[in-house]
Structure formats: structure tokens, C-alpha cells
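Dropping run.txt in here (compact mmCIF, C-alpha atoms):
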# COMPACT_ATOMS: atom_id res chain seq x y z
CA MET A 22 10.81 54.52 4.88
CA GLN A 23 9.28 54.70 8.32
CA LEU A 24 6.50 52.22 9.17
CA SER A 25 4.26 52.47 12.21
CA LYS A 26 4.62 49.40 14.36
CA ALA A 27 0.86 48.76 14.69
CA LEU A 28 -0.47 48.87 11.17
CA SER A 29 2.62 48.70 8.99
CA LEU A 30 1.55 51.96 7.46
CA ARG A 31 4.12 54.28 6.07
CA ARG A 32 4.24 57.90 6.86
CA VAL A 33 2.65 59.96 4.14
CA LEU A 34 2.49 63.41 5.65
CA ASN A 35 5.86 65.18 5.81
CA SER A 36 7.53 62.15 4.24
CA GLY A 37 10.57 62.46 2.05
CA PHE A 38 8.93 60.41 -0.70
CA HIS A 39 6.08 61.06 -3.06
CA PRO A 40 2.81 59.94 -1.41
CA PHE A 41 1.41 57.90 -4.31
CA GLN A 42 4.32 56.81 -6.49
CA VAL A 43 6.48 53.71 -5.95
CA ILE A 44 9.39 54.37 -3.64
CA PRO A 45 12.68 54.09 -5.53
CA LYS A 46 14.98 51.28 -4.33
CA PRO A 47 18.46 52.06 -3.04
CA ASP A 48 21.30 51.87 -5.53
CA VAL A 49 22.86 48.43 -6.06
CA TRP A 50 26.31 49.96 -6.61
CA MET A 51 27.54 49.37 -3.06
CA LYS A 52 26.40 45.75 -3.08
CA ARG A 53 28.08 45.09 -6.42
CA GLU A 54 31.28 46.64 -5.15
CA ARG A 55 31.20 44.35 -2.16
CA LEU A 56 30.63 41.37 -4.43
CA ASN A 57 33.39 42.38 -6.83
CA ARG A 58 35.95 42.49 -4.06
CA PHE A 59 36.00 38.70 -4.22
CA THR A 60 34.96 37.96 -7.80
CA ALA A 61 36.71 40.64 -9.85
CA TRP A 62 39.59 38.29 -10.64
CA GLN A 63 37.49 35.29 -11.52
CA TYR A 64 36.85 34.33 -15.10
CA ALA A 65 33.88 34.48 -17.51
CA SER A 66 30.36 34.41 -16.04
CA GLU A 67 31.82 34.34 -12.54
CA ARG A 68 32.83 37.97 -12.87
CA SER A 69 30.64 39.25 -15.71
CA THR A 70 27.24 38.15 -14.38
CA VAL A 71 25.69 38.85 -11.00
CA LYS A 72 24.24 35.39 -10.52
CA GLY A 73 27.50 33.65 -11.40
CA ALA A 74 29.44 36.02 -9.18
CA TYR A 75 27.24 35.29 -6.16
CA ARG A 76 27.61 31.57 -6.79
CA LYS A 77 31.39 31.94 -6.97
CA GLU A 78 31.47 34.11 -3.87
CA ASP A 79 29.73 31.37 -1.92
CA LYS A 80 32.37 28.90 -3.10
CA ILE A 81 35.21 31.27 -2.25
CA PHE A 82 33.91 31.60 1.29
CA ALA A 83 33.71 27.83 1.56
CA TYR A 84 37.31 27.51 0.36
CA LEU A 85 38.48 30.18 2.81
CA ASN A 86 36.77 28.30 5.59
CA MET A 87 38.46 25.07 4.58
CA GLN A 88 41.85 26.78 4.50
CA ARG A 89 41.32 28.32 7.90
CA GLN A 90 40.43 24.95 9.38
CA ASP A 91 43.46 23.29 7.76
CA GLU A 92 45.86 25.97 8.87
CA ARG A 93 46.40 24.66 12.39
CA ASN A 94 46.96 21.10 11.25
CA LEU A 95 49.28 22.20 8.46
CA GLU A 96 51.36 24.24 10.89
CA LYS A 97 51.91 21.15 13.02
CA PHE A 98 52.66 19.04 9.97
CA HIS A 99 55.23 21.47 8.59
CA ALA A 100 56.83 21.86 12.01
CA GLU A 101 57.32 18.11 12.25
CA GLU A 102 58.76 17.94 8.73
CA ARG A 103 61.16 20.74 9.57
CA VAL A 104 62.34 19.05 12.74
CA ARG A 105 62.83 15.84 10.80
CA THR A 106 64.97 17.51 8.13
CA ALA A 107 66.96 19.43 10.73
CA LEU A 108 67.63 16.18 12.60
CA GLU A 109 68.66 14.53 9.37
CA GLU A 110 71.42 17.12 9.04
CA HIS A 111 72.81 15.92 12.37
CA ASP A 112 72.27 12.17 11.71
CA MET A 113 69.67 11.77 14.43
CA GLU A 114 66.39 9.89 14.35
CA TYR A 115 63.19 11.74 15.09
CA SER A 116 61.65 9.11 17.36
CA LYS A 117 64.77 8.75 19.51
CA PHE A 118 65.16 12.52 19.77
CA LYS A 119 61.56 13.06 20.85
CA SER A 120 61.60 10.21 23.35
CA ILE A 121 64.78 11.52 24.99
CA LEU A 122 63.34 15.04 25.19
CA SER A 123 60.12 13.84 26.77
CA GLN A 124 61.95 11.59 29.22
CA SER A 125 64.19 14.45 30.32
CA HIS A 126 61.13 16.71 30.78
CA ILE A 127 62.15 19.25 28.12
CA LEU A 128 58.74 20.57 27.16
CA LEU A 129 59.44 21.90 23.67
CA ASP A 130 56.86 21.08 21.03
CA ASN A 131 57.61 20.64 17.34
CA ILE A 132 56.78 24.25 16.53
CA CYS A 133 59.31 25.53 19.06
CA LEU A 134 61.89 23.01 17.89
CA SER A 135 61.45 23.96 14.24
CA GLN A 136 61.84 27.63 15.08
CA LEU A 137 65.02 26.80 16.97
CA ALA A 138 66.27 24.81 13.97
CA ILE A 139 65.66 27.74 11.65
CA TYR A 140 66.61 30.78 13.71
CA GLU A 141 69.01 29.32 16.29
CA PRO A 142 70.75 26.40 14.62
CA ARG A 143 73.44 26.23 17.29
CA SER A 144 70.99 25.90 20.17
CA PHE A 145 69.19 23.22 18.19
CA ARG A 146 72.47 21.43 17.60
CA SER A 147 73.27 21.53 21.29
CA LEU A 148 69.86 19.94 21.99
CA VAL A 149 70.67 17.23 19.45
CA ALA A 150 74.09 16.67 21.01
CA PHE A 151 72.44 16.39 24.43
CA ALA A 152 69.90 13.86 23.12
CA LYS A 153 72.59 11.90 21.31
CA GLU A 154 74.74 11.56 24.40
CA LEU A 155 71.77 10.38 26.49
CA ALA A 156 70.63 7.99 23.76
CA ARG A 157 74.15 6.56 23.62
CA GLN A 158 74.13 6.02 27.40
CA GLU A 159 70.72 4.37 27.11
CA GLY A 160 72.22 1.87 24.68
CA MET A 161 70.49 3.13 21.51
CA ASN A 162 72.32 3.08 18.22
CA VAL A 163 73.25 6.65 17.31
CA ILE A 164 75.72 7.99 14.80
CA PRO A 165 78.25 10.10 16.75
CA ASP A 166 79.07 13.63 15.60
CA ASP A 167 82.24 14.39 13.73
CA ALA A 168 84.95 14.77 16.39
CA GLU A 169 86.09 18.11 15.00
CA PHE A 170 82.67 19.75 15.16
CA SER A 171 81.02 17.99 18.09
CA TYR A 172 79.94 19.69 21.31
CA ASP A 173 81.08 18.74 24.80
CA VAL A 174 78.22 17.10 26.68
CA HIS A 175 78.46 16.11 30.34
CA VAL A 176 75.21 14.48 31.42
CA ASP A 177 74.27 11.37 33.28
CA ASN A 178 71.22 9.49 32.09
CA LYS A 179 70.39 8.25 35.61
CA SER A 180 69.96 11.76 36.98
CA VAL A 181 68.29 13.28 33.91
CA LEU A 182 65.92 10.71 32.48
CA ARG A 183 62.60 10.24 34.27
CA LYS A 184 59.15 9.02 33.47
CA PRO A 185 57.70 11.32 30.80
CA LEU A 186 54.99 13.74 31.87
CA PRO A 187 51.41 12.85 30.89
CA ARG A 188 50.26 14.38 27.64
CA ALA A 189 47.91 17.34 27.77
CA VAL A 190 44.23 16.90 27.04
CA GLU A 191 43.27 18.69 23.84
CA TYR A 192 39.87 20.29 23.63
CA THR A 193 39.08 21.11 20.04
CA ARG A 194 37.87 24.63 19.40
CA GLY A 195 34.47 25.10 17.82
CA ALA A 196 30.87 24.41 18.69
CA SER A 197 30.21 23.46 22.29
CA GLU A 198 28.95 20.07 21.20
CA ASN A 199 31.40 18.81 18.66
CA HIS A 200 29.96 15.44 17.71
CA THR A 201 32.80 14.45 15.34
CA ASN A 202 35.46 14.03 18.03
CA LYS A 203 34.45 14.47 21.62
CA PRO A 204 37.12 15.25 24.22
CA ARG A 205 37.82 12.28 26.46
CA LYS A 206 36.42 12.30 29.96
CA LEU A 207 38.66 13.63 32.68
CA ARG A 208 40.00 11.18 35.19
CA GLU A 209 39.37 11.80 38.86
CA ASP A 210 42.92 12.93 39.53
CA GLU A 211 42.74 15.48 36.73
CA TYR A 212 39.88 17.49 38.29
CA MET B 28 83.57 13.62 24.71
CA SER B 29 85.71 15.84 22.61
CA TYR B 30 87.45 19.18 22.47
CA ARG B 31 85.39 22.33 22.23
CA ARG B 32 86.04 23.80 18.82
CA ALA B 33 86.52 27.56 18.61
CA VAL B 34 83.40 29.17 17.13
CA SER B 35 84.32 30.63 13.79
CA ARG B 36 82.56 33.18 11.63
CA PHE B 37 82.10 30.43 9.07
CA ASP B 38 79.44 28.80 11.27
CA ARG B 39 77.17 31.77 10.80
CA VAL B 40 77.73 31.73 7.05
CA ASN B 41 76.65 28.07 7.02
CA GLN B 42 73.19 29.17 8.04
CA TRP B 43 73.07 31.92 5.44
CA LEU B 44 73.92 29.35 2.78
CA GLN B 45 70.50 27.82 3.33
CA PHE B 46 68.85 30.87 1.85
CA SER B 47 70.93 30.89 -1.33
CA ARG B 48 71.01 28.38 -4.14
CA GLN B 49 73.72 25.88 -3.31
CA TRP B 50 75.25 23.50 -5.81
CA HIS B 51 75.54 19.85 -4.76
CA VAL B 52 77.30 17.08 -6.61
CA ILE B 53 76.51 13.38 -6.39
CA ASP B 54 78.22 10.47 -8.07
CA ALA B 55 75.73 8.10 -9.74
CA ASN B 56 78.25 5.30 -10.10
CA GLN B 57 76.54 2.02 -9.07
CA GLN B 58 73.62 3.89 -7.52
CA ASP B 59 70.09 2.57 -7.76
CA ALA B 60 68.12 4.81 -10.14
CA GLU B 61 65.00 5.10 -7.95
CA LEU B 62 66.84 5.73 -4.67
CA LEU B 63 69.07 8.28 -6.38
CA GLY B 64 66.03 9.93 -7.96
CA ASP B 65 64.32 10.25 -4.58
CA LYS B 66 67.39 11.78 -2.99
CA VAL B 67 68.11 14.21 -5.84
CA ALA B 68 64.45 15.27 -6.07
CA ARG B 69 64.50 16.04 -2.37
CA TYR B 70 67.44 18.41 -2.82
CA LEU B 71 66.01 19.97 -6.00
CA ALA B 72 62.76 20.81 -4.21
CA GLY B 73 64.61 22.12 -1.15
CA LYS B 74 63.01 19.58 1.19
CA HIS B 75 66.33 19.02 2.93
CA LYS B 76 66.19 22.51 4.47
CA PRO B 77 64.35 23.27 7.70
CA ILE B 78 63.02 26.45 6.05
CA PHE B 79 61.12 24.42 3.46
CA HIS B 80 57.55 25.37 2.65
CA PRO B 81 55.66 24.05 -0.39
CA GLU B 82 54.76 27.52 -1.62
CA THR B 83 58.36 28.74 -1.63
CA ASP B 84 61.05 27.74 -4.07
CA CYS B 85 64.13 27.18 -1.92
CA GLY B 86 65.57 24.31 -3.99
CA ASP B 87 69.21 23.83 -4.85
CA HIS B 88 71.14 22.87 -7.96
CA VAL B 89 72.23 19.24 -8.15
CA VAL B 90 74.97 17.96 -10.46
CA VAL B 91 74.87 14.23 -11.13
CA THR B 92 78.06 12.76 -12.57
CA ASN B 93 78.77 9.32 -14.01
CA CYS B 94 75.20 8.83 -15.20
CA LYS B 95 76.41 6.12 -17.56
CA ASP B 96 77.14 3.87 -14.57
CA ILE B 97 73.73 4.24 -12.93
CA ALA B 98 72.40 0.92 -11.62
CA MET B 99 69.10 -0.90 -11.46
CA HIS B 100 68.10 -3.80 -9.29
CA ALA B 101 68.13 -7.33 -10.70
CA PHE B 102 66.37 -7.52 -14.08
CA ASP B 103 64.86 -4.04 -13.81
CA TRP B 104 66.74 -2.88 -16.90
CA LYS B 105 64.48 -5.24 -18.80
CA HIS B 106 61.28 -5.07 -16.80
CA THR B 107 61.07 -1.35 -16.03
CA ILE B 108 58.91 0.00 -18.83
CA TYR B 109 58.76 3.75 -19.40
CA LYS B 110 55.49 4.75 -21.02
CA PHE B 111 55.34 7.62 -23.45
CA ASN B 112 51.93 8.58 -24.72
CA MET B 113 51.13 11.90 -26.34
CA GLU B 114 47.43 10.96 -26.69
CA TYR B 115 47.69 11.09 -30.45
CA PRO B 116 47.05 8.04 -32.64
CA LYS B 117 50.11 5.77 -32.92
CA SER B 118 52.05 7.97 -30.48
CA LYS B 119 52.11 5.37 -27.72
CA ALA B 120 55.49 3.82 -27.00
CA ASP B 121 56.45 1.54 -24.11
CA ILE B 122 60.23 1.43 -23.98
CA PRO B 123 62.25 -0.71 -21.57
CA ALA B 124 64.88 1.04 -19.47
CA TRP B 125 67.87 -0.58 -21.15
CA GLN B 126 66.86 0.79 -24.56
CA ILE B 127 66.52 4.30 -23.17
CA HIS B 128 69.89 3.98 -21.46
CA ASP B 129 71.39 2.75 -24.71
CA TYR B 130 70.03 5.79 -26.57
CA ASP B 131 70.93 8.43 -23.97
CA GLN B 132 73.06 7.69 -20.91
CA CYS B 133 71.56 10.52 -18.85
CA ARG B 134 67.92 9.84 -19.62
CA ILE B 135 67.27 7.21 -16.93
CA ALA B 136 68.54 9.55 -14.22
CA PHE B 137 66.37 12.33 -15.62
CA LEU B 138 63.23 10.18 -15.75
CA SER B 139 63.64 8.82 -12.23
CA VAL B 140 64.25 12.29 -10.78
CA TYR B 141 61.34 13.76 -12.71
CA ARG B 142 59.04 11.04 -11.45
CA SER B 143 60.21 11.52 -7.86
CA LEU B 144 59.55 15.27 -8.02
CA GLY B 145 55.86 14.41 -8.03
CA ASN B 146 53.02 15.98 -9.93
CA ASN B 147 53.08 19.66 -9.07
CA LEU B 148 53.38 23.03 -10.76
CA LEU B 149 56.92 23.67 -9.56
CA ARG B 150 58.53 20.55 -10.97
CA ARG B 151 59.33 22.08 -14.36
CA ARG B 152 61.20 24.79 -12.49
CA HIS B 153 62.96 22.28 -10.25
CA ILE B 154 64.10 19.99 -13.05
CA GLN B 155 65.82 22.95 -14.72
CA ARG B 156 68.26 22.97 -11.79
CA LEU B 157 69.31 19.38 -12.45
CA HIS B 158 72.59 18.97 -14.32
CA LEU B 159 73.37 15.49 -15.65
CA PHE B 160 76.70 14.39 -17.03
CA PRO B 161 77.46 10.93 -18.47
CA ASP B 162 80.97 10.94 -16.98
CA GLU B 163 83.07 13.22 -14.82
CA GLU B 164 83.62 15.86 -17.47
CA MET B 165 81.57 19.01 -17.04
CA ALA B 166 81.62 22.65 -18.02
CA GLU B 167 84.00 24.84 -16.07
CA PHE B 168 81.27 27.14 -14.65
CA VAL B 169 79.46 24.11 -13.23
CA ARG B 170 82.61 22.83 -11.58
CA LYS B 171 83.28 26.27 -10.08
CA ASN B 172 79.79 26.50 -8.60
CA ILE B 173 79.82 23.16 -6.82
CA GLY B 174 79.97 23.69 -3.06
CA SER B 175 79.08 20.39 -1.42
CA GLN B 176 79.08 16.69 -2.08
CA LEU B 177 76.09 14.52 -1.22
CA ARG B 178 76.38 11.16 0.46
CA GLN B 179 75.70 8.34 -1.98
CA VAL B 180 72.56 6.25 -1.50
CA GLN B 181 74.40 2.94 -1.82
CA GLY B 182 77.89 1.61 -1.16
CA VAL B 183 80.11 1.26 -4.22
CA VAL B 184 81.32 -2.28 -4.79
CA LYS B 185 84.84 -2.95 -6.01
CA ARG B 186 84.84 -4.53 -9.47
CA SER B 187 86.58 -7.89 -9.83
CA ASP B 188 89.16 -6.48 -12.27
CA GLU B 189 90.13 -3.78 -9.76
CA TYR B 190 91.62 -6.28 -7.32
CA THR B 191 95.42 -6.52 -7.38
CA ALA B 192 97.25 -9.82 -7.76
CA GLU B 193 98.22 -9.69 -4.08
CA GLU B 194 94.59 -9.28 -2.97
CA ARG B 195 93.57 -12.15 -5.21
CA ALA B 196 96.24 -14.37 -3.64
CA ASN B 197 95.06 -13.46 -0.13
CA PHE B 198 91.40 -14.07 -0.91
CA PRO B 199 90.07 -16.93 1.29
CA ARG B 200 89.44 -20.04 -0.81
CA VAL B 201 86.78 -22.66 -0.21
CA VAL B 202 88.36 -25.35 -2.40
CA LYS B 203 92.03 -25.91 -3.03
CA PHE B 204 92.77 -27.38 -6.43
CA ALA B 205 95.82 -29.37 -7.31
CA ASP B 206 98.59 -27.59 -9.20
CA LYS B 207 97.89 -29.42 -12.42
CA HIS B 208 94.12 -29.11 -12.17
CA VAL B 209 92.57 -28.23 -15.51
CA VAL B 210 88.85 -27.77 -15.93
CA ASP B 211 87.95 -29.39 -19.24
CA TRP B 212 84.92 -27.50 -20.48
CA GLU B 213 84.76 -29.51 -23.68
CA LYS B 214 84.37 -32.86 -21.93
CA SER B 215 80.83 -34.19 -22.13
CA ILE B 216 79.15 -35.09 -18.88
CA PRO B 217 77.54 -38.55 -18.74
CA ASN B 218 73.85 -38.53 -17.94
CA PRO B 219 73.60 -39.26 -14.21
CA GLY B 220 70.05 -40.57 -14.62
CA ARG B 221 67.01 -39.84 -12.56
CA HIS B 222 67.44 -39.57 -8.81
CA VAL B 223 65.60 -42.28 -6.95
CA LYS B 224 64.87 -41.72 -3.30
CA PRO B 225 66.15 -44.75 -1.37
CA VAL B 226 63.46 -46.65 0.49
CA PRO B 227 64.24 -47.01 4.24
CA GLY B 228 65.84 -50.37 4.81
CA GLN B 229 67.06 -50.72 1.23
CA LYS B 230 70.63 -51.83 0.86
CA ASP B 231 73.00 -49.73 -1.27
CA LYS B 232 74.05 -51.30 -4.52
Have the structure of the file written as C-alpha cells, please.
Amino acid sequence: MQLSKALSLRRVLNSGFHPFQVIPKPDVWMKRERLNRFTAWQYASERSTVKGAYRKEDKIFAYLNMQRQDERNLEKFHAEERVRTALEEHDMEYSKFKSILSQSHILLDNICLSQLAIYEPRSFRSLVAFAKELARQEGMNVIPDDAEFSYDVHVDNKSVLRKPLPRAVEYTRGASENHTNKPRKLREDEY
Amino acid sequence: MSYRRAVSRFDRVNQWLQFSRQWHVIDANQQDAELLGDKVARYLAGKHKPIFHPETDCGDHVVVTNCKDIAMHAFDWKHTIYKFNMEYPKSKADIPAWQIHDYDQCRIAFLSVYRSLGNNLLRRRHIQRLHLFPDEEMAEFVRKNIGSQLRQVQGVVKRSDEYTAEERANFPRVVKFADKHVVDWEKSIPNPGRHVKPVPGQKDK
């Protein structure tokens, strides 16, 4: 239907529709198809009625949103769990391992470490052996590797260990004014 | 510092093993039921692998032997109450651990593992991979499948009747009795009376 801007009048002459009858509405089929993409596998009124299906679709979108927001946190959580279990295989403590890595300026986060533990177990083991040797030189209590399977490590804690680098500032993604957790103010030296 | 071991092809296979179902064995002799349950549940759910994800089922089989010798702390055999309630009238039963252990020697291990698996949809599947044996006898196919032994959660203490005569003789003694010393258990002890705290300055009688 074409309306004139000024008077909101529809075109009658040479129009595709009958001049005096009610204009038929477009078919709902496409809309229902779009709705059923999400609600076809729900149960009872949520798939058999239109009202229930729209209500369920709203909920499904809310759940998808929640999952998408959780995904980043879950990835970090699982990465840490994986690193912990991988370290447990080699009798190493998580806190000691991380502190040695940060002091020796090895900038691998948990996600990288967990991928190493899964796909490159020998590189991960060499990292653990490195951290164990340094921790031993630092006077921490560590369980040494089995002599038959252990790696040769030649490091000196005095030349390797330094003050850990400052942690990066994290700006959360989202609305420009995120009132739930604001990013901290930058210090002068960080500008 | 140690010798560099030659890299063998077996090292690579060790990683592949993670993706298959391994069979672990653990000896429950003198092991605390709850600690053992936590450890076994961890292996059943596959949480000991770096590839673990809650939506996958990468758990292993665990064989627990010597379930008859499972241990509990202090008076927990008496005070740990297992609650069974089917939500039908008169179906409620609160049974202490020692009675359950008396009825079935593997049941305490089962219950503690099942509790440690947590409340999730996969735990029925996981508990099917638990194999409990009251002693060291097991079916031949189970014994063939076992590929690794788990570290026990507690140290095993030597029983007093397992010490040899020589070890008993060498045991450090606090008191040395005379050769003819006989402890007369039948002899009645005279009542020592109530203890009275001496007043400062009082002379001894």
C-alpha cells in the first residue's frame, strides 16, 4: 500500500487493490516459520499455540543471552581447571607454578597453558620441569620428578627471576557506561 | 639434574590413552571412605584429565579392591547415618554405616562414591564404570583390563600382629619391668579417696 506523505491517503487510481474493499493482510506463514525455528522442539502449548510459542521464544533468547555472557568466564574457568589437573599429573602446585612463570616473565595465560597441556604435553612438561627447578632453588617445597623420566634443566634463579610485570587493565566489553563494574582509573604513568 | 631419557614411541601413546577408557585400580585397605570416594569419583567423571569438559563423558573405569577393609574416622561407623527415603509411607530408614557394612561389604564404598559424584545427569552413567570387590579376587576380564594403579589417599598402617618378634624386641620401651613382674588384673584397687589441693604453707602429713 502506498500512502501519500501529506494526507496519509492511499492511492486509489491505478492501485493494485480494490478501491473500496478491505485490503487483505499479508500471509502469516513466514512469521510462523520464523517462530517455529526456535519453538518447534518445545512441548505442549509452547509449540502448539502462537501465544505460548512467542512467550517461549522470548525466554529462549534470554537464555541464549545468558549463555553468551557466561561463555567467556566459563572458558577461563575451564582453562584453570585443566591447568590444575595437568599440574597434578606432574606433582606441582598451581600457585607455585604460576608465581614462577610470572616472575620469569613467561607471559602465557591459563588458556594457552591448557592448550599446551592438551595438545603438546611434552612442552607443558618441560615448562613444569623448568618451574620445579626454579622453585627448588627458591627454597619452596616441591616433589622432584622421577629420575628416570625427568628432564634436564639448567637454569639459575638469580638470572631468570625478576619482579613480575604489572597486570593488564581489563576493560569489560559492553555498553560505554557499564555501571556494574567500572574500569579503574589509569595512573599517570600508564597514559 | 639427571640423564636425558631417550624419547620413546610409548610417550606418544601415553597421550592417546587419555582419549580412551582406561582402567584404574585402587586398594581400599585402611582408606577413609569419604576421601576415597572423592578420589574415585574424580576419576570416574574424568576430571583428572586436562581434556575434561562437563558436557563430555571422558571418564575412566575404576576398580576398588579390599572394600571390606575400608576405614572411617573415629566413631563415624556409628555416627554416620545413611538416609533412605522413597517418599512412601513407612519407607523411611536411617541406617548407621556399620550396619550397612555388616550387610554388604562394598556398599559403603558405593555410597560414598555416589555421593561424591554430585547431583547431575551423568552420574548414573559414571557409577556403572565403578567395580567394587570385597577382597582381591576379581573376574579375569577385569584383571586383564587394569592398566594403572592409583595412589592411595592415606598411608597404610602396619597392624600390631604383623610385627615380627625381632621388631617387637627392638621397639623402644618407656618403662622397663622386672623379670618377674606380673600384672594382677584381679587384685582390687583400694579407694585412693578424694584429692585435696594442699594449701600453701601446709605441712605434708
_Separation of CA of Cys94 (chain B) from CA of Lys185 (chain B) in Å_ =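 Computing the Euclidean distance for CA of Lys185 (chain B) and CA of Cys94 (chain B) yields 17.8 Å.
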Select, as a short mmCIF file (atom, residue, chain, number, x, y, z; two decimals) with C-alpha atoms, in the frame of the given file, those residues of chain A with any atom no more than 6 Å from chain B (distances computed using all atoms listed in the file).
data_model
loop_
_atom_site.label_atom_id
_atom_site.label_comp_id
_atom_site.auth_asym_id
_atom_site.auth_seq_id
_atom_site.Cartn_x
_atom_site.Cartn_y
_atom_site.Cartn_z
CA ARG A 103 61.16 20.74 9.57
CA THR A 106 64.97 17.51 8.13
CA ALA A 107 66.96 19.43 10.73
CA ASP A 173 81.08 18.74 24.80
#
*Could you tell me which of A:Ala150, A:Val33, A:Ala100, A:Leu122 comes closest to Leu134 (chain A) if we count only C-alpha atoms?*
A:Ala100
*asked:* Neighbouring residues of region 121-131 of chain B were defined as those with any atom within 8 Å, considering all atoms listed in the file; residues of the same chain fewer than 3 positions away were excluded. Please report them as a list of chain:residue names.
replied: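 Surrounding residues, per the criterion: B:Lys95, B:Asp103, B:Trp104, B:Lys105, B:His106, B:Thr107, B:Ile108, B:Tyr109, B:Lys110, B:Phe111, B:Arg134, B:Ile135.
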*Length of the CA of His208 (chain B) to CA of His222 (chain B) vector [Å]*: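 Computing it gives 28.9 Å between the two atoms.
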*What gap, in Å, lies between CA of Phe151 (chain A) and CA of Lys184 (chain A)?*
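Here the two named atoms are 17.7 Å from each other.
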*Compile the contact shell of Asn93 (chain B) as a VMD selection string: residues with an atom at most 12 Å away, counting all atoms listed in the file, same-chain residues fewer than 5 positions apart removed.*
chain B and resid 52 to 58 98 132 to 133 136 158 to 165
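Proximity of B:Glu114, B:Ala120, B:Gln181, B:Thr83 to Ala60 (chain B), computed with only C-alpha atoms, is greatest for B:Gln181.
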_I'd like the contact shell of Ser123 (chain A) - 12 Å cut-off, only C-alpha atoms, skipping same-chain residues fewer than 4 positions apart - returned as a list in words._
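Residues near the query, excluding close chain neighbours: Ser116, Lys117, Phe118, Lys119, Ile127, Leu128, Leu129, Asp130, Asn131, Ala152, Val181, Leu182, Arg183, Lys184, Pro185, Leu186, Pro187 and Arg188 of chain A.
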